[in-house]
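> See data.cif below, with mmCIF, C-alpha atoms and all ligand atoms.
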```
data_input
#
loop_
_atom_site.label_atom_id
_atom_site.label_comp_id
_atom_site.auth_asym_id
_atom_site.auth_seq_id
_atom_site.Cartn_x
_atom_site.Cartn_y
_atom_site.Cartn_z
CA MET A 1 91.75 97.56 145.97
CA ALA A 2 88.31 99.00 146.75
CA ALA A 3 86.54 101.05 144.10
CA GLY A 4 87.40 104.70 144.42
CA ALA A 5 90.47 104.03 146.57
CA ALA A 6 93.51 106.12 145.72
CA GLU A 7 95.81 104.28 143.36
CA PRO A 8 99.57 104.77 143.49
CA THR A 9 101.23 107.05 140.96
CA PHE A 10 103.99 106.01 138.57
CA ASP A 11 106.96 108.06 137.40
CA SER A 12 107.30 108.86 133.72
CA SER A 13 109.04 111.32 131.40
CA ALA A 14 105.70 113.20 131.25
CA GLY A 15 105.53 113.52 135.03
CA PRO A 16 103.73 111.28 137.53
CA LEU A 17 100.98 109.11 136.08
CA LYS A 18 97.73 108.27 137.83
CA VAL A 19 96.06 104.94 137.13
CA ASP A 20 92.33 104.78 137.84
CA THR A 21 90.17 101.68 137.65
CA VAL A 22 87.28 102.36 135.25
CA ALA A 23 85.73 98.88 135.37
CA ARG A 24 86.49 95.50 136.88
CA GLY A 25 85.23 91.92 136.74
CA LEU A 26 86.03 91.22 133.08
CA VAL A 27 87.25 87.71 132.27
CA HIS A 28 90.42 87.87 130.17
CA PRO A 29 89.38 91.00 128.25
CA TRP A 30 91.21 91.13 124.90
CA ALA A 31 90.20 94.32 123.10
CA LEU A 32 88.56 97.67 123.71
CA ALA A 33 86.81 100.05 121.29
CA PHE A 34 85.21 103.39 122.19
CA LEU A 35 81.67 104.08 121.02
CA PRO A 36 80.82 107.65 119.95
CA ASP A 37 78.91 108.22 123.22
CA GLY A 38 82.01 107.39 125.32
CA ARG A 39 80.92 103.89 126.33
CA MET A 40 83.27 101.04 125.51
CA LEU A 41 82.87 97.78 123.65
CA VAL A 42 84.98 95.12 125.33
CA THR A 43 85.63 91.53 124.29
CA GLU A 44 86.22 88.75 126.80
CA ARG A 45 88.29 85.86 125.43
CA PRO A 46 85.89 83.10 126.62
CA GLY A 47 83.38 84.40 124.03
CA ARG A 48 81.57 87.52 125.19
CA ILE A 49 81.23 91.14 124.05
CA ARG A 50 79.93 93.69 126.57
CA ILE A 51 79.29 97.41 126.60
CA VAL A 52 80.87 99.17 129.57
CA THR A 53 79.67 102.60 130.69
CA ARG A 54 82.12 105.35 131.59
CA ASP A 55 81.34 104.69 135.26
CA GLY A 56 82.14 101.02 134.98
CA VAL A 57 78.77 99.27 134.63
CA LEU A 58 79.02 96.11 132.52
CA SER A 59 76.13 95.21 130.22
CA PRO A 60 75.02 91.59 129.96
CA PRO A 61 76.89 89.69 127.20
CA LEU A 62 75.60 90.80 123.79
CA GLY A 63 73.34 88.31 122.08
CA GLY A 64 74.31 87.12 118.60
CA VAL A 65 78.00 86.39 119.22
CA PRO A 66 78.99 83.16 117.40
CA LYS A 67 80.39 80.18 119.26
CA VAL A 68 84.15 80.49 119.71
CA PHE A 69 86.99 78.01 120.21
CA ALA A 70 87.88 79.15 123.74
CA SER A 71 90.97 77.10 124.40
CA GLY A 72 94.57 78.12 125.05
CA GLN A 73 95.03 81.51 123.37
CA GLY A 74 91.85 81.06 121.35
CA GLY A 75 88.50 82.71 121.87
CA LEU A 76 86.96 86.08 121.15
CA LEU A 77 89.72 88.51 120.22
CA ASP A 78 89.64 92.00 118.64
CA VAL A 79 86.75 94.41 118.05
CA ILE A 80 86.68 97.65 116.01
CA LEU A 81 84.01 100.04 114.77
CA ASP A 82 83.37 100.66 111.09
CA ARG A 83 84.67 104.04 109.98
CA ASP A 84 81.05 105.01 109.24
CA PHE A 85 79.75 103.54 112.51
CA GLY A 86 77.72 106.69 113.18
CA LYS A 87 75.70 105.94 110.05
CA ASN A 88 75.66 102.13 109.90
CA GLN A 89 76.31 100.89 113.49
CA THR A 90 78.61 98.25 111.99
CA ILE A 91 81.36 96.56 113.99
CA TYR A 92 83.96 93.91 113.15
CA PHE A 93 85.32 91.34 115.56
CA SER A 94 87.83 88.52 115.30
CA PHE A 95 87.69 85.16 117.00
CA ALA A 96 88.96 81.61 116.93
CA GLU A 97 86.18 79.80 115.10
CA PRO A 98 85.62 76.13 115.99
CA PHE A 99 87.03 74.11 113.08
CA ASP A 100 88.27 70.55 112.61
CA GLY A 101 88.62 69.84 116.31
CA GLY A 102 90.51 73.11 116.93
CA GLY A 103 90.11 76.70 115.88
CA ARG A 104 90.93 79.06 113.02
CA THR A 105 91.15 82.84 112.99
CA ALA A 106 87.95 84.40 111.63
CA VAL A 107 86.42 87.87 111.35
CA ALA A 108 82.73 88.71 111.53
CA ARG A 109 80.83 91.91 110.87
CA ALA A 110 77.62 92.75 112.66
CA THR A 111 75.20 95.56 113.37
CA LEU A 112 75.37 96.77 116.95
CA ASN A 113 72.13 97.63 118.69
CA ALA A 114 73.65 99.66 121.52
CA GLY A 115 70.43 100.81 123.17
CA GLY A 116 68.32 99.03 125.79
CA THR A 117 69.68 95.52 126.23
CA PRO A 118 72.51 95.68 123.68
CA SER A 119 72.79 92.95 121.06
CA LEU A 120 74.21 92.12 117.64
CA ALA A 121 72.18 91.62 114.47
CA ASP A 122 73.06 90.61 110.89
CA VAL A 123 76.16 88.72 112.09
CA LYS A 124 78.13 87.50 109.10
CA VAL A 125 81.55 85.83 109.02
CA ILE A 126 83.51 87.72 106.32
CA TYR A 127 86.90 86.04 106.73
CA ARG A 128 88.09 82.54 107.60
CA GLN A 129 91.77 81.67 107.75
CA HIS A 130 92.83 79.21 105.03
CA GLY A 131 94.92 76.36 106.43
CA PRO A 132 94.83 73.73 109.17
CA ALA A 133 93.23 74.28 112.57
CA SER A 134 95.15 75.52 115.59
CA ARG A 135 95.00 73.43 118.77
CA GLY A 136 95.13 76.61 120.84
CA ASN A 137 98.18 78.68 119.97
CA HIS A 138 99.08 81.73 117.86
CA PHE A 139 95.87 83.00 116.32
CA GLY A 140 97.10 86.56 115.74
CA GLY A 141 93.65 88.13 115.46
CA ARG A 142 94.18 91.90 115.31
CA ILE A 143 92.06 93.96 112.87
CA VAL A 144 92.72 97.50 111.65
CA HIS A 145 91.23 99.70 108.93
CA SER A 146 93.51 100.59 106.06
CA ASN A 147 93.48 104.18 104.84
CA THR A 148 91.62 103.10 101.71
CA GLY A 149 88.62 101.43 103.33
CA TYR A 150 89.94 97.87 103.59
CA LEU A 151 90.66 95.72 106.64
CA PHE A 152 94.01 94.23 107.61
CA VAL A 153 93.80 91.03 109.71
CA SER A 154 96.78 89.38 111.41
CA ASN A 155 97.17 85.61 111.50
CA GLY A 156 99.58 83.57 113.63
CA GLU A 157 101.27 80.34 112.56
CA HIS A 158 99.69 78.18 115.30
CA PHE A 159 103.13 77.44 116.82
CA THR A 160 102.92 73.89 115.41
CA ASP A 161 102.84 74.98 111.74
CA ARG A 162 105.65 77.54 111.71
CA ASP A 163 107.02 76.62 108.28
CA MET A 164 103.67 77.50 106.71
CA ALA A 165 104.48 81.18 107.42
CA GLN A 166 106.86 80.97 104.41
CA THR A 167 104.45 79.34 101.93
CA LEU A 168 101.79 81.37 100.16
CA ASP A 169 99.13 78.66 99.76
CA ASN A 170 97.73 79.35 103.25
CA ASP A 171 97.04 82.24 105.64
CA LEU A 172 99.15 81.10 108.61
CA GLY A 173 101.77 83.64 109.67
CA LYS A 174 100.29 86.20 107.26
CA ILE A 175 98.70 89.61 107.33
CA VAL A 176 95.77 89.61 104.94
CA ARG A 177 93.85 92.48 103.36
CA ILE A 178 90.13 92.16 102.66
CA ALA A 179 87.24 94.47 101.87
CA PRO A 180 84.61 95.09 104.57
CA ASP A 181 82.28 92.62 102.82
CA GLY A 182 84.98 89.92 102.86
CA THR A 183 85.91 90.11 99.19
CA VAL A 184 89.56 90.35 98.19
CA PRO A 185 90.88 93.57 96.62
CA THR A 186 92.21 92.85 93.13
CA ASP A 187 95.37 94.89 93.73
CA ASN A 188 96.61 92.67 96.58
CA PRO A 189 100.24 91.69 95.91
CA PHE A 190 99.72 87.97 95.22
CA ASN A 191 96.36 88.21 93.49
CA GLY A 192 96.55 86.13 90.32
CA ARG A 193 99.73 84.27 91.27
CA PRO A 194 99.09 80.51 90.83
CA GLY A 195 99.06 78.64 94.13
CA ALA A 196 99.04 81.78 96.28
CA ARG A 197 96.16 82.96 98.45
CA PRO A 198 94.97 86.29 96.99
CA GLU A 199 94.15 87.78 100.41
CA ILE A 200 97.81 87.72 101.58
CA TRP A 201 99.38 91.15 102.10
CA SER A 202 102.63 90.10 103.86
CA TYR A 203 104.15 86.87 105.18
CA GLY A 204 106.79 85.34 107.42
CA HIS A 205 105.10 86.35 110.69
CA ARG A 206 105.03 84.34 113.91
CA ASN A 207 102.22 85.58 116.15
CA PRO A 208 101.23 89.16 115.28
CA GLN A 209 98.89 90.53 117.95
CA GLY A 210 99.29 94.24 117.29
CA LEU A 211 98.42 96.32 114.23
CA ALA A 212 98.06 100.09 113.94
CA MET A 213 98.10 102.68 111.18
CA ASN A 214 100.72 105.39 111.77
CA PRO A 215 98.77 108.66 111.51
CA ALA A 216 101.98 110.56 110.65
CA ASP A 217 102.54 108.86 107.31
CA GLY A 218 99.75 106.32 106.75
CA THR A 219 102.00 103.25 107.06
CA LEU A 220 100.85 99.98 108.62
CA TRP A 221 102.76 99.01 111.76
CA GLU A 222 102.75 95.56 113.30
CA GLN A 223 104.22 93.84 116.29
CA GLU A 224 104.60 90.14 116.85
CA HIS A 225 105.72 87.72 119.50
CA GLY A 226 109.09 86.06 119.01
CA ALA A 227 109.95 82.80 120.75
CA MET A 228 112.67 83.30 123.41
CA GLY A 229 113.54 86.89 122.50
CA GLY A 230 112.95 88.47 119.12
CA ASP A 231 109.59 90.17 119.64
CA GLU A 232 109.40 92.60 116.72
CA ILE A 233 108.03 95.91 115.49
CA ASN A 234 107.69 95.98 111.70
CA VAL A 235 106.44 98.41 109.10
CA ILE A 236 104.36 96.28 106.77
CA ALA A 237 104.66 96.69 103.01
CA PRO A 238 102.70 94.62 100.47
CA GLY A 239 104.27 91.36 99.35
CA LYS A 240 107.20 91.49 101.77
CA ASN A 241 108.66 88.57 103.72
CA TYR A 242 109.22 89.28 107.44
CA GLY A 243 111.39 86.23 107.98
CA TRP A 244 109.83 83.78 110.42
CA PRO A 245 111.00 80.99 110.83
CA VAL A 246 114.07 81.56 108.64
CA VAL A 247 115.66 84.34 110.69
CA SER A 248 114.95 85.80 114.13
CA TYR A 249 116.55 87.97 116.79
CA GLY A 250 115.50 85.34 119.32
CA VAL A 251 116.04 81.61 119.76
CA ASN A 252 113.71 78.65 120.27
CA TYR A 253 112.40 77.98 123.77
CA ASP A 254 114.92 75.14 124.14
CA GLY A 255 117.74 77.57 123.30
CA SER A 256 118.36 76.17 119.81
CA LYS A 257 118.74 78.41 116.76
CA VAL A 258 115.76 79.56 114.71
CA GLY A 259 116.17 78.65 111.03
CA THR A 260 119.55 79.73 109.73
CA GLY A 261 120.54 81.09 113.13
CA ASN A 262 121.04 84.50 111.52
CA THR A 263 119.12 87.67 112.28
CA GLN A 264 118.98 88.91 108.69
CA ALA A 265 118.87 87.43 105.20
CA PRO A 266 118.55 88.71 101.62
CA GLY A 267 114.93 89.30 100.63
CA ILE A 268 113.73 89.50 104.23
CA THR A 269 112.57 92.77 105.74
CA ASP A 270 114.36 93.52 109.01
CA PRO A 271 112.27 94.67 111.99
CA LEU A 272 112.47 98.32 113.05
CA TRP A 273 112.85 97.25 116.64
CA HIS A 274 113.11 94.04 118.58
CA TRP A 275 112.69 93.14 122.21
CA THR A 276 115.20 90.61 123.52
CA PRO A 277 114.37 89.34 126.08
CA SER A 278 110.73 89.17 125.05
CA ILE A 279 108.16 91.46 126.66
CA ALA A 280 105.26 89.60 124.95
CA PRO A 281 103.55 92.58 123.27
CA SER A 282 99.75 92.73 123.02
CA GLY A 283 97.67 95.64 121.70
CA MET A 284 99.31 98.76 120.27
CA THR A 285 98.24 102.29 119.45
CA PHE A 286 99.72 105.52 118.14
CA TYR A 287 99.04 108.43 120.48
CA THR A 288 97.44 111.54 118.96
CA GLY A 289 95.81 113.14 122.02
CA ASP A 290 96.38 116.36 123.93
CA LEU A 291 96.62 115.02 127.49
CA PHE A 292 100.27 114.02 126.96
CA PRO A 293 101.51 116.65 124.44
CA GLY A 294 105.10 115.38 124.58
CA TRP A 295 103.99 111.89 123.59
CA LYS A 296 102.18 112.77 120.36
CA GLY A 297 103.09 110.39 117.57
CA ASN A 298 104.54 107.83 120.00
CA LEU A 299 103.68 104.15 119.76
CA PHE A 300 102.36 102.45 122.89
CA ASN A 301 102.48 98.68 123.33
CA GLY A 302 100.99 96.67 126.16
CA ALA A 303 103.11 93.80 127.48
CA LEU A 304 102.02 90.52 128.97
CA LYS A 305 105.21 88.86 130.12
CA PHE A 306 107.03 91.92 131.47
CA GLN A 307 103.78 93.50 132.71
CA LEU A 308 104.40 97.03 131.53
CA LEU A 309 103.40 99.66 129.01
CA SER A 310 106.11 100.32 126.44
CA ARG A 311 106.36 103.82 124.90
CA LEU A 312 108.36 104.04 121.68
CA GLU A 313 109.49 107.34 120.21
CA ILE A 314 109.43 107.45 116.44
CA LYS A 315 111.60 109.77 114.36
CA ASP A 316 111.64 109.76 110.55
CA GLY A 317 109.90 106.38 110.53
CA ARG A 318 112.40 104.74 112.91
CA VAL A 319 112.11 103.78 116.56
CA VAL A 320 114.68 105.87 118.42
CA LYS A 321 113.91 105.33 122.10
CA GLU A 322 111.88 103.18 124.50
CA GLU A 323 110.46 104.15 127.89
CA ARG A 324 108.98 101.39 130.06
CA LEU A 325 105.96 102.63 132.00
CA LEU A 326 103.85 101.25 134.87
CA GLN A 327 106.36 98.55 135.73
CA GLY A 328 105.22 98.55 139.36
CA LEU A 329 101.63 97.78 138.38
CA SER A 330 102.43 94.05 138.08
CA GLU A 331 99.57 93.38 135.65
CA ARG A 332 99.57 91.64 132.28
CA ILE A 333 98.46 94.41 129.87
CA ARG A 334 96.40 93.01 126.99
CA ASP A 335 95.39 96.14 125.09
CA VAL A 336 96.06 99.87 124.99
CA ARG A 337 93.75 102.43 123.37
CA GLN A 338 93.49 106.19 123.35
CA GLY A 339 90.22 107.45 124.82
CA PRO A 340 88.22 110.39 123.49
CA ASP A 341 89.54 112.36 126.49
CA GLY A 342 93.17 111.78 125.41
CA ALA A 343 93.87 109.39 128.29
CA LEU A 344 95.35 105.95 127.70
CA TYR A 345 93.04 103.04 128.49
CA LEU A 346 94.43 99.60 129.28
CA LEU A 347 92.96 96.14 129.69
CA THR A 348 94.50 93.82 132.27
CA ASP A 349 94.56 90.15 131.34
CA ASN A 350 93.34 87.85 134.06
CA ASP A 351 90.09 86.27 135.26
CA ALA A 352 89.18 89.47 137.10
CA GLY A 353 90.43 91.87 134.43
CA ARG A 354 90.07 95.65 134.65
CA ILE A 355 89.86 98.66 132.39
CA LEU A 356 92.44 101.19 133.60
CA ARG A 357 92.66 104.89 132.72
CA VAL A 358 96.14 106.42 132.67
CA SER A 359 96.35 110.21 132.96
CA PRO A 360 98.69 112.87 134.38
CA ALA A 361 98.58 112.89 138.20
CA LYS A 362 98.83 116.73 138.10
CA CA B 401 110.82 89.01 111.48
#
```
Give the structure from the file, written as structure tokens.
Ligand SMILES: [Ca+2]

Amino acid sequence: MAAGAAEPTFDSSAGPLKVDTVARGLVHPWALAFLPDGRMLVTERPGRIRIVTRDGVLSPPLGGVPKVFASGQGGLLDVILDRDFGKNQTIYFSFAEPFDGGGRTAVARATLNAGGTPSLADVKVIYRQHGPASRGNHFGGRIVHSNTGYLFVSNGEHFTDRDMAQTLDNDLGKIVRIAPDGTVPTDNPFNGRPGARPEIWSYGHRNPQGLAMNPADGTLWEQEHGAMGGDEINVIAPGKNYGWPVVSYGVNYDGSKVGTGNTQAPGITDPLWHWTPSIAPSGMTFYTGDLFPGWKGNLFNGALKFQLLSRLEIKDGRVVKEERLLQGLSERIRDVRQGPDGALYLLTDNDAGRILRVSPAK
């Protein structure tokens, strides 16, 4: 569709939605972060970070980005701003770092020079996943700030190493908590336990690609891909086991049972919500804006497989209802963020990916 052409509208419980194309020509964009001046930092999975202006002009790829393992699901993944970005211009990004013939999930911090020809300086890798390399699957890779100044990072189990999600001597299938300089907080749940990685915060995850702090109560929310069915939304508490690959609401791709074949087991935290069949969730965000007053506090999840935007209503810490939005768009949605204007911004995942702005059609 030509730039500026009228886009169709989509029905929703908040009235008709308008979807405008903000930018186009991004190659498998993975994550979006708004700068204070309204421009956007966008990652492209093959290994680039760009700044995109509000009128859709893409900067050249930022210099200083490390080499990534751009194979399968690997590459450059999430990007977030430091909470004091206005003072320190610091950003964090995650990527599959080349390692042992494959890749491992890693996080770097850097100083963003956003003026002129934008670039990164002082790039330092602050986190490297402990465990074997992935050949291209299940890196996790989402980063979010905790409420106490730390970073949570999600790690997948590489598909081939699923049982490692249940053992604490590695980071596969784990959410880890680190300080912004990469050190490990001493009050992490397994710190000091012999044989356990001190950075682990929770375990038993498959491929967590969404993390968000719930502004209503400060809890950490996560979503992860199941196999055939069993995509999950979880509230993450320190030290808890989320079950993969012992129990699941889905089955293996060949139709066989996962683990015990049960959905629940003693000592395993049950998901708040599961999608069966799988929608393949991607980025997620809690909505706090004013453009959709009836949707405040709701949790939005992009979906790759079902090509939609899922809106979940939360009541007393539970998911009570889902609305599936933009189903006629027929685009894999890789990330969803709230803009400074209260609109929802989406990334579409393909080799000519776009940034979309979703707002009331009026
Ligand atoms: Ca689970």
> For a test of reading the model, state the distance in Å between atom CA of ligand CA 401 (chain B) and atom CA of A:Val184, rounded to one decimal.
25.1 Å
> Ligand CA 401 (chain B): which residues are within 7 Å, counting all atoms listed in the file, as a list in words?
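Using all atoms listed in the file, I find these residues within 7 Å of ligand CA 401 (chain B): Gly204, His205, Glu232, Tyr242, Gly243, Trp244, Val247, Ser248, Asp270 and Pro271 of chain A.
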> Please build the interface table for stretch 293-334 of chain A against stretch 15-18 of chain A with a cut-off of 12 Å, listing for each qualifying residue the nearest atom pair and the distance in Å to one decimal; count all atoms listed in the file, order rows by chain and increasing number, and write it as a Markdown table.

```
| residue | atom | partner | partner_atom | distance |
| --- | --- | --- | --- | --- |
| A:Pro293 | CA | A:Gly15 | CA | 11.8 |
| A:Gly294 | CA | A:Gly15 | CA | 10.6 |
| A:Trp295 | CA | A:Gly15 | CA | 11.7 |
| A:Leu325 | CA | A:Leu17 | CA | 9.1 |
| A:Leu326 | CA | A:Leu17 | CA | 8.5 |
| A:Gln327 | CA | A:Leu17 | CA | 11.9 |
| A:Gly328 | CA | A:Leu17 | CA | 11.8 |
| A:Leu329 | CA | A:Lys18 | CA | 11.2 |
```
> Quick one: everything within 9 Å of A:Trp30, counting all atoms listed in the file, minus sequence neighbours fewer than 2 positions away in the same chain. Send it as a ChimeraX atom specification.
/A:28,32,42-45,76-79,282-283,334-335,347-349
> Of the candidates A:Leu211, A:Val153, A:Ile268, A:Ile91, which one gets nearest to A:Lys124 if we count only C-alpha atoms?
A:Ile91
> Show me, as a VMD selection string, the residues that have an atom within 12 Å of A:Pro198 when counting only C-alpha atoms, minus same-chain residues fewer than 5 positions from it.
chain A and resid 130 168 to 171 174 to 178 183 to 193 238 to 239
> Which distance in Å separates atom CA of A:Val19 and atom CA of A:Val358, to one decimal?
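Pair atom CA of A:Val19 / atom CA of A:Val358 returns 4.7 Å.
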> Rounded to one decimal in Å, what is the spacing between atom CA of A:Leu172 and atom CA of A:His158?
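Distance reported for this atom pair: 7.3 Å.
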> Quick one: residues within 8 Å of stretch 137-149 of chain A, only C-alpha atoms, excluding same-chain residues fewer than 6 positions away - as a compact mmCIF listing (two decimals) with C-alpha atoms, in the frame of the given file?

```
# COMPACT_ATOMS: atom_id res chain seq x y z
CA GLY A 72 94.57 78.12 125.05
CA GLN A 73 95.03 81.51 123.37
CA GLY A 74 91.85 81.06 121.35
CA LEU A 77 89.72 88.51 120.22
CA ASP A 78 89.64 92.00 118.64
CA VAL A 79 86.75 94.41 118.05
CA ILE A 80 86.68 97.65 116.01
CA ARG A 83 84.67 104.04 109.98
CA PHE A 93 85.32 91.34 115.56
CA SER A 94 87.83 88.52 115.30
CA PHE A 95 87.69 85.16 117.00
CA ALA A 96 88.96 81.61 116.93
CA ARG A 104 90.93 79.06 113.02
CA THR A 105 91.15 82.84 112.99
CA ALA A 106 87.95 84.40 111.63
CA ASN A 155 97.17 85.61 111.50
CA GLY A 156 99.58 83.57 113.63
CA GLU A 157 101.27 80.34 112.56
CA HIS A 158 99.69 78.18 115.30
CA PHE A 159 103.13 77.44 116.82
CA ALA A 179 87.24 94.47 101.87
CA PRO A 180 84.61 95.09 104.57
CA ARG A 206 105.03 84.34 113.91
CA ASN A 207 102.22 85.58 116.15
CA PRO A 208 101.23 89.16 115.28
CA GLN A 209 98.89 90.53 117.95
CA GLY A 210 99.29 94.24 117.29
CA LEU A 211 98.42 96.32 114.23
CA ALA A 212 98.06 100.09 113.94
CA MET A 213 98.10 102.68 111.18
CA GLY A 218 99.75 106.32 106.75
CA LEU A 220 100.85 99.98 108.62
```
> Find, counting all atoms listed in the file, the residue in A:Gln264, A:Asn350, A:Ser134, A:Asn113 that gets nearest to A:Phe85.
A:Asn113
> From the list A:Ile233, A:Val251, A:Val125, A:Val57, which residue is nearest A:Leu299 when using all atoms listed in the file?
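Closest candidate: A:Ile233.
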> Around stretch 99-102 of chain A, with edges along x, y and z and 6 Å added on all six sides, what centre and edge lengths do you get, in Å to one decimal, as lines of an AutoDock Vina configuration file?

```
center_x = 88.8
center_y = 72.0
center_z = 114.8
size_x = 15.5
size_y = 16.3
size_z = 16.3
```
> I'd like to know which of A:Leu41, A:Ala280, A:Ala114, A:Ala352 is closest to A:Arg337, using only C-alpha atoms.
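Of the candidates, the smallest distance to A:Arg337 is held by A:Leu41.
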